[in-house]
Amino acid sequence: MGRPRKVSLTEAIGLINDGDSLTFSGFTIWRRPMAAIMELIRQGKKDLHLIEVNGGTHDDMLIGGGCVKIWESCWSGHELYGKIPGNLSRKFQAGELICEDYSHVQMLYRLVAGAHGLPFMPIFAALGTDILNPEYDMLGKVGLRDGSHPKIPSKKYEMYTESFTGSEVALVPAAQPDWCIAHVQMVGSEGTVRVLGQKYADDEAFKAADKVIVLTEQIVPEEFIRREPERNLIPPYLVDYIVELPWAGHPTGCYGSYEADGEFIKDFYTRSRTQEGFDEWAQEWIFGVKDHEAYLNKLGVSRLETLRASTALGYSQKVKRGSR
Amino acid sequence: MAGNDYAKVGEFKPIDLLAVAAAREVSDGEVVFAGTGLPMLAIMLAQRTNAPNATCIYEAGSVDGRPIDLPTSVGDARCHYQGALASGLWDVFGQLGRGVVDMAFLGGAEIDQYGSVNTTYMGGLPGGKRLTGSGGNADINSLARRTVFIMVQEKRRWVERCSYITSPGWRIPKWPGGEFVHKKEVYNKAFRGGPWAVISDMGVFRFDDEGVIYLDTVHPGFTPEQVRDKCMFKLNIARVSGETKTPTYNDLELLYKVVDPEGIFLS
């Protein structure tokens with residue numbers, strides 16, 4: 001595995017092939033690697049397979065961009081800023097996207113099994129739901145569970161009566177996506193990763209994936225990040241590529257750095273309710289800007305300054321969030 | 001008028017009553033799992049009124065935060081301000097699995113008479129409208145001791161059986177066969193409870209011993225029959241115990257001045 005390489009965003013995303021499976025850092029509209037999402041769309045990736053603990057603005061954007069064939073997760077949407085995932089919903093209805101649903105715990109435990117090198121995890125959560133209805137094994141129905149796809153398990157789940165206490169549990173298969181693309185607040189110059197605030201399911205996402213690309217708000221001297229190793233999450237040898245890219249999480253929020261840009265997300269959601277609307281939006285914010293720097297310049301200093309987090313609180317109190 | 005007096009109809013909005021009725025379901029000292037939206041108002045109000053020792057866990061991984069600004073979703077940095085922990089899903093869902101969570105607030109696009117909800121396909125498959133999906137709804141309804149749902153009272157959303165069961169109520173299919181049985185028969189040793197109450201903009205509902213919903217109190221301004229007319233199934237209105245208590249002036253002051261002064265949910 002060795003030490004991670006520092007690369008540009010274009011180079012990092014250039015390594016991802018059509019058809020690869022991806023997972024991400026963050027939670028719904030928080031700390032998603034958005035600059036990488038936009039670059040995946042810019043580079044025209046196709047047939048991606050998303051395997052995520054939960055989705056959000058990032059996966060709905062990728063789906064709108066026509067990059068995704070399979071979505072395996074438990075949730076997608078834009079929280080307060082858009083009640084359904086508009087692109088995902090539309091593409092599913094049109095038969096252009098396969099949605100394989102699990103529950104939050106089921107997806108988490110699939111990634112845990114992947115991260116620990118186990119074939120499955122047993123769980124009680126979500127028994128008696130239509131998630132387990134054999135009719136809704138969406139990958140099975142289209143014949144993708146035939147064993148010829150290394151990232152697709154041969155079964156969606158299995159009921160099992162264990163012999164220790166005689167309990168019936170659901171076994172969910174391990175998930176080991178090809179890539180984890182993460183966005184974090186800080187990486188040491190040799191690749192040690194620090195995540196501030198809630199860790200969500202980052203630990204599992206990093207460790208389940210075969211390869212890891214980390215976008216970071218800043219690279220700091222390794223000596224600095226190793227003064228407090230108890231605050232770090234991932235050692236250098238588990239990271240493959242590092243991209244230093246401030247504000248790479250925008251429009252999602254990044255604890256200690258910036259607020260989620262609700263106005264931006266709401267505008268994305270509103271416009272992407274139709275494919276034409278999404279295409280116009282993408283023309284303006286993805287294809288119409290050369291790179292992440294041009295994107296930030298288009299957002300402008302005053303918008304970014306409003307979003308910038310207070311050092312004391314970890315979030316911004318300057319954003320107008322409600323009606324008062 | 002004193003702070004503890006009940007406000008009169010016209011002095012509060014329907015959403016205020018939803019938040020207050022939800023807050024009153026929290027018992028002091030409980031460990032509460034809450035999701036985005038009204039549940040946040042409910043738990044923050046409860047901690048300032050009837051349940052000062054209640055602890056809140058948000059599923060993204062914040063434990064016992066003391067927010068000074070209302071979070072807009074569970075991953076929000078505001079959730080873990082002054083928290084005991086800022087951890088992650090493995091920690092908090094592990095606690096849920098262990099049986100630590102006393103009660104939880106949930107929502108849904110469709111609810112059935114057994115307290116199952118649908119947040120995945122409105123109208124089921126094939127052809128239903130795609131919604132967000134489960135998130136933690138299924139897991140929390142499975143393993144919390146008590147769950148309280150906050151729902152909009154629209155006829156098409158209150159159905160005999162959910163068109164897609166995202167989150168398991170009292171009577172559910174036992175897969176892979178799909179026999180429709182009581183939750184105890186599906187969960188066996190892992191069974192520890194389920195839907196406890198549903199709060200809508202028209203009333204407060206509870207579940208009988210068979211796990212079937214009934215109307216407990218009706219909000220001021222509505223009759224039980226009007227509530228029954230907003231259900232696709234024949235709602236039991238024989239056990240109505242009276243009118244839902246309105247918010248107190250103190251509740252309204254806290255909601256608008258302390259919990260949501262920015263007008264995020266209470267616009």
# chains A, B, ... in the order shown; residues from 1 in each chain; ligands from 1
>>> residues_around(residues="Val187 (chain A)", least_positions_apart="6", cutoff="7 Å", atoms="only C-alpha atoms", output="JSON list (two decimals) with N, CA and C atoms, in the first residue's frame")
[["chain", "number", "residue", "atom", "x", "y", "z"],
["A", 193, "VAL", "N", -5.00, 11.07, 8.53],
["A", 193, "VAL", "CA", -6.27, 11.77, 8.33],
["A", 193, "VAL", "C", -6.92, 12.12, 9.66],
["A", 194, "ARG", "N", -7.33, 13.38, 9.78],
["A", 194, "ARG", "CA", -8.10, 13.81, 10.96],
["A", 194, "ARG", "C", -9.47, 14.30, 10.52],
["A", 216, "THR", "N", -9.02, 17.30, 1.10],
["A", 216, "THR", "CA", -8.87, 17.89, 2.42],
["A", 216, "THR", "C", -8.86, 19.42, 2.37],
["A", 218, "GLN", "N", -7.12, 21.22, 4.27],
["A", 218, "GLN", "CA", -5.71, 21.61, 4.32],
["A", 218, "GLN", "C", -4.80, 20.43, 4.61],
["A", 219, "ILE", "N", -3.58, 20.53, 4.08],
["A", 219, "ILE", "CA", -2.52, 19.60, 4.45],
["A", 219, "ILE", "C", -1.64, 20.32, 5.47],
["A", 220, "VAL", "N", -1.40, 19.66, 6.60],
["A", 220, "VAL", "CA", -0.57, 20.26, 7.64],
["A", 220, "VAL", "C", 0.71, 19.42, 7.81]]
>>> residues_around(residues="His292 (chain A)", least_positions_apart="6", cutoff="12 Å", atoms="only C-alpha atoms", output="PyMOL selection string")
chain A and resi 8-10+33-39+42+243-250+285-286+298-299
>>> closest_atom_pairs(of="chain B", to="chain A", cutoff="7 Å", atoms="only C-alpha atoms", output="Markdown table")
| residue | atom | partner | partner_atom | distance |
| --- | --- | --- | --- | --- |
| B:Ala60 | CA | A:Tyr200 | CA | 5.4 |
| B:Gly61 | CA | A:Gln198 | CA | 5.8 |
| B:Ser62 | CA | A:Gln198 | CA | 6.6 |
| B:Thr72 | CA | A:Leu80 | CA | 6.6 |
| B:Ser73 | CA | A:Glu79 | CA | 6.5 |
| B:Gly75 | CA | A:Phe27 | CA | 6.1 |
| B:Ala77 | CA | A:Tyr255 | CA | 5.8 |
| B:Ala86 | CA | A:Gln198 | CA | 4.7 |
| B:Ser87 | CA | A:Gln198 | CA | 5.1 |
| B:Gly88 | CA | A:Tyr200 | CA | 4.1 |
| B:Leu89 | CA | A:Tyr200 | CA | 5.5 |
| B:Phe93 | CA | A:Val105 | CA | 6.9 |
| B:Arg130 | CA | A:Ser89 | CA | 5.0 |
| B:Leu131 | CA | A:Ile84 | CA | 5.4 |
| B:Thr132 | CA | A:Ser76 | CA | 5.0 |
| B:Gly133 | CA | A:Trp75 | CA | 4.6 |
| B:Ser134 | CA | A:Cys74 | CA | 5.5 |
| B:Gly135 | CA | A:Trp75 | CA | 4.9 |
| B:Gly136 | CA | A:His104 | CA | 4.9 |
| B:Ala138 | CA | A:Ala126 | CA | 5.0 |
| B:Asp139 | CA | A:Ala125 | CA | 4.7 |
| B:Ser142 | CA | A:Ala125 | CA | 5.6 |
| B:Leu143 | CA | A:Ala125 | CA | 6.6 |
| B:Tyr164 | CA | A:Asp130 | CA | 6.1 |
| B:Ile165 | CA | A:Asp130 | CA | 5.1 |
| B:Thr166 | CA | A:Thr129 | CA | 5.5 |
| B:Ser167 | CA | A:Thr129 | CA | 5.9 |
| B:Pro168 | CA | A:Thr129 | CA | 5.6 |
| B:Ile172 | CA | A:Gly128 | CA | 5.3 |
| B:Pro173 | CA | A:Gly128 | CA | 5.1 |
| B:Lys174 | CA | A:Gly128 | CA | 5.3 |
| B:Trp175 | CA | A:Asn133 | CA | 6.4 |
| B:Pro176 | CA | A:Pro134 | CA | 6.5 |
| B:Val186 | CA | A:Gly128 | CA | 6.6 |
| B:Lys189 | CA | A:Ser167 | CA | 6.6 |
| B:Ala190 | CA | A:Phe124 | CA | 6.9 |
| B:Glu262 | CA | A:Arg324 | CA | 4.9 |
| B:Gly263 | CA | A:Gly322 | CA | 4.6 |
| B:Ile264 | CA | A:Gly322 | CA | 4.0 |
| B:Ser267 | CA | A:Ser323 | CA | 5.4 |
>>> residues_around(residues="Gln95 (chain B)", least_positions_apart="3", cutoff="12 Å", atoms="only C-alpha atoms", output="number ranges by chain")
A: 105; B: 31-33, 57-59, 61, 63, 87-92, 98-102, 139-140, 143-144
>>> decode(residues="region 70-222 of chain B", atoms="C-alpha atoms", output="PDB file, in the first residue's frame")
ATOM      1  CA  LEU B  70     -31.563  24.810  16.416  1.00  0.00           C
ATOM      2  CA  PRO B  71     -30.007  22.171  14.119  1.00  0.00           C
ATOM      3  CA  THR B  72     -31.588  21.798  10.668  1.00  0.00           C
ATOM      4  CA  SER B  73     -30.623  18.140  10.290  1.00  0.00           C
ATOM      5  CA  VAL B  74     -28.996  15.428  12.358  1.00  0.00           C
ATOM      6  CA  GLY B  75     -25.561  15.782  10.749  1.00  0.00           C
ATOM      7  CA  ASP B  76     -25.483  19.493  11.672  1.00  0.00           C
ATOM      8  CA  ALA B  77     -22.587  20.735  13.806  1.00  0.00           C
ATOM      9  CA  ARG B  78     -25.176  22.371  16.083  1.00  0.00           C
ATOM     10  CA  CYS B  79     -26.327  18.925  17.280  1.00  0.00           C
ATOM     11  CA  HIS B  80     -23.173  18.213  19.226  1.00  0.00           C
ATOM     12  CA  TYR B  81     -22.481  21.652  20.662  1.00  0.00           C
ATOM     13  CA  GLN B  82     -21.537  20.940  24.302  1.00  0.00           C
ATOM     14  CA  GLY B  83     -22.240  17.282  23.626  1.00  0.00           C
ATOM     15  CA  ALA B  84     -20.970  14.366  25.668  1.00  0.00           C
ATOM     16  CA  LEU B  85     -19.764  12.775  22.429  1.00  0.00           C
ATOM     17  CA  ALA B  86     -19.435  13.510  18.752  1.00  0.00           C
ATOM     18  CA  SER B  87     -19.109   9.958  17.472  1.00  0.00           C
ATOM     19  CA  GLY B  88     -20.742   8.178  14.571  1.00  0.00           C
ATOM     20  CA  LEU B  89     -23.338   5.705  13.392  1.00  0.00           C
ATOM     21  CA  TRP B  90     -21.535   2.634  14.698  1.00  0.00           C
ATOM     22  CA  ASP B  91     -21.709   4.068  18.233  1.00  0.00           C
ATOM     23  CA  VAL B  92     -25.288   5.315  18.270  1.00  0.00           C
ATOM     24  CA  PHE B  93     -26.908   2.483  16.316  1.00  0.00           C
ATOM     25  CA  GLY B  94     -24.974   0.098  18.554  1.00  0.00           C
ATOM     26  CA  GLN B  95     -26.598   1.766  21.560  1.00  0.00           C
ATOM     27  CA  LEU B  96     -29.977   1.390  19.847  1.00  0.00           C
ATOM     28  CA  GLY B  97     -29.294  -2.307  19.295  1.00  0.00           C
ATOM     29  CA  ARG B  98     -28.249  -2.752  22.923  1.00  0.00           C
ATOM     30  CA  GLY B  99     -31.602  -1.430  24.124  1.00  0.00           C
ATOM     31  CA  VAL B 100     -30.428   1.912  25.495  1.00  0.00           C
ATOM     32  CA  VAL B 101     -32.963   3.989  23.549  1.00  0.00           C
ATOM     33  CA  ASP B 102     -36.230   4.513  25.454  1.00  0.00           C
ATOM     34  CA  MET B 103     -38.155   6.453  22.862  1.00  0.00           C
ATOM     35  CA  ALA B 104     -37.780   7.886  19.402  1.00  0.00           C
ATOM     36  CA  PHE B 105     -39.520  10.392  17.178  1.00  0.00           C
ATOM     37  CA  LEU B 106     -40.156   9.404  13.564  1.00  0.00           C
ATOM     38  CA  GLY B 107     -42.201  10.509  10.573  1.00  0.00           C
ATOM     39  CA  GLY B 108     -43.425   9.103   7.285  1.00  0.00           C
ATOM     40  CA  ALA B 109     -45.284   9.798   4.049  1.00  0.00           C
ATOM     41  CA  GLU B 110     -47.815   7.019   4.681  1.00  0.00           C
ATOM     42  CA  ILE B 111     -48.869   5.244   7.886  1.00  0.00           C
ATOM     43  CA  ASP B 112     -51.029   2.178   8.381  1.00  0.00           C
ATOM     44  CA  GLN B 113     -53.346   1.111  11.196  1.00  0.00           C
ATOM     45  CA  TYR B 114     -50.557  -0.987  12.767  1.00  0.00           C
ATOM     46  CA  GLY B 115     -48.035   1.840  12.932  1.00  0.00           C
ATOM     47  CA  SER B 116     -45.886   0.771   9.980  1.00  0.00           C
ATOM     48  CA  VAL B 117     -44.781   3.666   7.798  1.00  0.00           C
ATOM     49  CA  ASN B 118     -43.651   4.160   4.238  1.00  0.00           C
ATOM     50  CA  THR B 119     -40.875   6.564   3.325  1.00  0.00           C
ATOM     51  CA  THR B 120     -39.688   4.709   0.198  1.00  0.00           C
ATOM     52  CA  TYR B 121     -42.309   4.297  -2.557  1.00  0.00           C
ATOM     53  CA  MET B 122     -45.604   6.186  -2.240  1.00  0.00           C
ATOM     54  CA  GLY B 123     -48.042   3.823  -3.932  1.00  0.00           C
ATOM     55  CA  GLY B 124     -45.645   0.859  -3.717  1.00  0.00           C
ATOM     56  CA  LEU B 125     -43.938  -0.926  -6.596  1.00  0.00           C
ATOM     57  CA  PRO B 126     -44.160  -0.922  -9.501  1.00  0.00           C
ATOM     58  CA  GLY B 127     -45.027   2.636 -10.382  1.00  0.00           C
ATOM     59  CA  GLY B 128     -44.934   4.325  -6.992  1.00  0.00           C
ATOM     60  CA  LYS B 129     -43.318   7.681  -6.461  1.00  0.00           C
ATOM     61  CA  ARG B 130     -39.792   7.377  -5.153  1.00  0.00           C
ATOM     62  CA  LEU B 131     -39.225   9.105  -1.808  1.00  0.00           C
ATOM     63  CA  THR B 132     -36.095   9.336   0.352  1.00  0.00           C
ATOM     64  CA  GLY B 133     -35.963   5.729   1.580  1.00  0.00           C
ATOM     65  CA  SER B 134     -35.642   4.378   5.107  1.00  0.00           C
ATOM     66  CA  GLY B 135     -32.699   6.160   6.631  1.00  0.00           C
ATOM     67  CA  GLY B 136     -32.825   5.042  10.258  1.00  0.00           C
ATOM     68  CA  ASN B 137     -36.626   4.872  10.346  1.00  0.00           C
ATOM     69  CA  ALA B 138     -36.781   1.075   9.949  1.00  0.00           C
ATOM     70  CA  ASP B 139     -34.010   0.456  12.455  1.00  0.00           C
ATOM     71  CA  ILE B 140     -35.333   2.803  15.107  1.00  0.00           C
ATOM     72  CA  ASN B 141     -38.930   1.569  14.863  1.00  0.00           C
ATOM     73  CA  SER B 142     -37.508  -1.953  15.163  1.00  0.00           C
ATOM     74  CA  LEU B 143     -35.425  -1.516  18.273  1.00  0.00           C
ATOM     75  CA  ALA B 144     -36.458   1.522  20.351  1.00  0.00           C
ATOM     76  CA  ARG B 145     -38.788   0.730  23.262  1.00  0.00           C
ATOM     77  CA  ARG B 146     -41.370   3.292  22.169  1.00  0.00           C
ATOM     78  CA  THR B 147     -41.719   5.263  18.959  1.00  0.00           C
ATOM     79  CA  VAL B 148     -43.813   8.373  18.434  1.00  0.00           C
ATOM     80  CA  PHE B 149     -44.762   9.402  14.907  1.00  0.00           C
ATOM     81  CA  ILE B 150     -45.515  12.929  13.767  1.00  0.00           C
ATOM     82  CA  MET B 151     -47.748  12.776  10.673  1.00  0.00           C
ATOM     83  CA  VAL B 152     -49.857  14.938   8.397  1.00  0.00           C
ATOM     84  CA  GLN B 153     -53.535  13.891   8.539  1.00  0.00           C
ATOM     85  CA  GLU B 154     -54.348  13.345   4.870  1.00  0.00           C
ATOM     86  CA  LYS B 155     -56.696  10.531   3.878  1.00  0.00           C
ATOM     87  CA  ARG B 156     -54.380   9.064   1.235  1.00  0.00           C
ATOM     88  CA  ARG B 157     -51.572   8.847   3.824  1.00  0.00           C
ATOM     89  CA  TRP B 158     -53.577   6.944   6.501  1.00  0.00           C
ATOM     90  CA  VAL B 159     -54.098   3.494   5.067  1.00  0.00           C
ATOM     91  CA  GLU B 160     -55.103  -0.014   6.075  1.00  0.00           C
ATOM     92  CA  ARG B 161     -51.720  -1.394   5.048  1.00  0.00           C
ATOM     93  CA  CYS B 162     -48.748   0.600   3.741  1.00  0.00           C
ATOM     94  CA  SER B 163     -48.141   0.260   0.018  1.00  0.00           C
ATOM     95  CA  TYR B 164     -44.477  -0.308   0.960  1.00  0.00           C
ATOM     96  CA  ILE B 165     -43.526  -1.083   4.562  1.00  0.00           C
ATOM     97  CA  THR B 166     -40.334   0.847   5.191  1.00  0.00           C
ATOM     98  CA  SER B 167     -40.556   0.784   8.965  1.00  0.00           C
ATOM     99  CA  PRO B 168     -42.123  -2.036  10.998  1.00  0.00           C
ATOM    100  CA  GLY B 169     -45.228  -1.437  13.161  1.00  0.00           C
ATOM    101  CA  TRP B 170     -47.173  -3.940  15.272  1.00  0.00           C
ATOM    102  CA  ARG B 171     -48.305  -6.267  12.466  1.00  0.00           C
ATOM    103  CA  ILE B 172     -45.780  -6.956   9.730  1.00  0.00           C
ATOM    104  CA  PRO B 173     -44.738  -9.546   7.166  1.00  0.00           C
ATOM    105  CA  LYS B 174     -42.337 -12.266   8.283  1.00  0.00           C
ATOM    106  CA  TRP B 175     -39.887 -12.677   5.425  1.00  0.00           C
ATOM    107  CA  PRO B 176     -38.963 -14.501   3.297  1.00  0.00           C
ATOM    108  CA  GLY B 177     -42.459 -16.062   3.367  1.00  0.00           C
ATOM    109  CA  GLY B 178     -44.360 -12.847   4.055  1.00  0.00           C
ATOM    110  CA  GLU B 179     -46.934 -14.157   6.616  1.00  0.00           C
ATOM    111  CA  PHE B 180     -48.605 -11.127   8.200  1.00  0.00           C
ATOM    112  CA  VAL B 181     -48.069 -11.551  11.957  1.00  0.00           C
ATOM    113  CA  HIS B 182     -47.545  -9.645  15.219  1.00  0.00           C
ATOM    114  CA  LYS B 183     -44.146  -7.995  15.612  1.00  0.00           C
ATOM    115  CA  LYS B 184     -43.325 -10.343  18.525  1.00  0.00           C
ATOM    116  CA  GLU B 185     -43.371 -13.301  16.147  1.00  0.00           C
ATOM    117  CA  VAL B 186     -40.860 -11.631  13.866  1.00  0.00           C
ATOM    118  CA  TYR B 187     -38.484 -10.234  16.486  1.00  0.00           C
ATOM    119  CA  ASN B 188     -38.798 -12.943  19.188  1.00  0.00           C
ATOM    120  CA  LYS B 189     -36.019 -12.335  21.761  1.00  0.00           C
ATOM    121  CA  ALA B 190     -35.099  -9.025  20.169  1.00  0.00           C
ATOM    122  CA  PHE B 191     -38.622  -7.664  20.663  1.00  0.00           C
ATOM    123  CA  ARG B 192     -38.816  -4.743  23.044  1.00  0.00           C
ATOM    124  CA  GLY B 193     -41.658  -2.493  21.900  1.00  0.00           C
ATOM    125  CA  GLY B 194     -42.862  -0.446  18.983  1.00  0.00           C
ATOM    126  CA  PRO B 195     -45.202   2.388  17.963  1.00  0.00           C
ATOM    127  CA  TRP B 196     -46.551   4.122  21.067  1.00  0.00           C
ATOM    128  CA  ALA B 197     -48.321   7.199  19.760  1.00  0.00           C
ATOM    129  CA  VAL B 198     -48.996   9.097  16.567  1.00  0.00           C
ATOM    130  CA  ILE B 199     -49.482  12.840  16.598  1.00  0.00           C
ATOM    131  CA  SER B 200     -51.165  14.453  13.622  1.00  0.00           C
ATOM    132  CA  ASP B 201     -52.509  17.918  12.966  1.00  0.00           C
ATOM    133  CA  MET B 202     -55.952  16.606  14.037  1.00  0.00           C
ATOM    134  CA  GLY B 203     -55.369  14.334  17.006  1.00  0.00           C
ATOM    135  CA  VAL B 204     -53.245  12.060  19.162  1.00  0.00           C
ATOM    136  CA  PHE B 205     -53.503   8.324  18.494  1.00  0.00           C
ATOM    137  CA  ARG B 206     -52.404   5.265  20.445  1.00  0.00           C
ATOM    138  CA  PHE B 207     -52.371   1.502  19.878  1.00  0.00           C
ATOM    139  CA  ASP B 208     -54.508  -1.178  21.557  1.00  0.00           C
ATOM    140  CA  ASP B 209     -53.282  -4.563  22.795  1.00  0.00           C
ATOM    141  CA  GLU B 210     -53.698  -6.014  19.317  1.00  0.00           C
ATOM    142  CA  GLY B 211     -51.462  -3.307  17.887  1.00  0.00           C
ATOM    143  CA  VAL B 212     -54.297  -1.462  16.128  1.00  0.00           C
ATOM    144  CA  ILE B 213     -54.407   2.323  16.181  1.00  0.00           C
ATOM    145  CA  TYR B 214     -57.196   4.276  17.935  1.00  0.00           C
ATOM    146  CA  LEU B 215     -57.912   7.956  18.441  1.00  0.00           C
ATOM    147  CA  ASP B 216     -57.035   9.031  21.980  1.00  0.00           C
ATOM    148  CA  THR B 217     -57.523  12.810  21.954  1.00  0.00           C
ATOM    149  CA  VAL B 218     -58.806  15.113  19.286  1.00  0.00           C
ATOM    150  CA  HIS B 219     -57.289  18.544  18.750  1.00  0.00           C
ATOM    151  CA  PRO B 220     -59.552  21.527  19.567  1.00  0.00           C
ATOM    152  CA  GLY B 221     -61.690  22.513  16.603  1.00  0.00           C
ATOM    153  CA  PHE B 222     -62.081  18.969  15.232  1.00  0.00           C
TER     154      PHE B 222
END
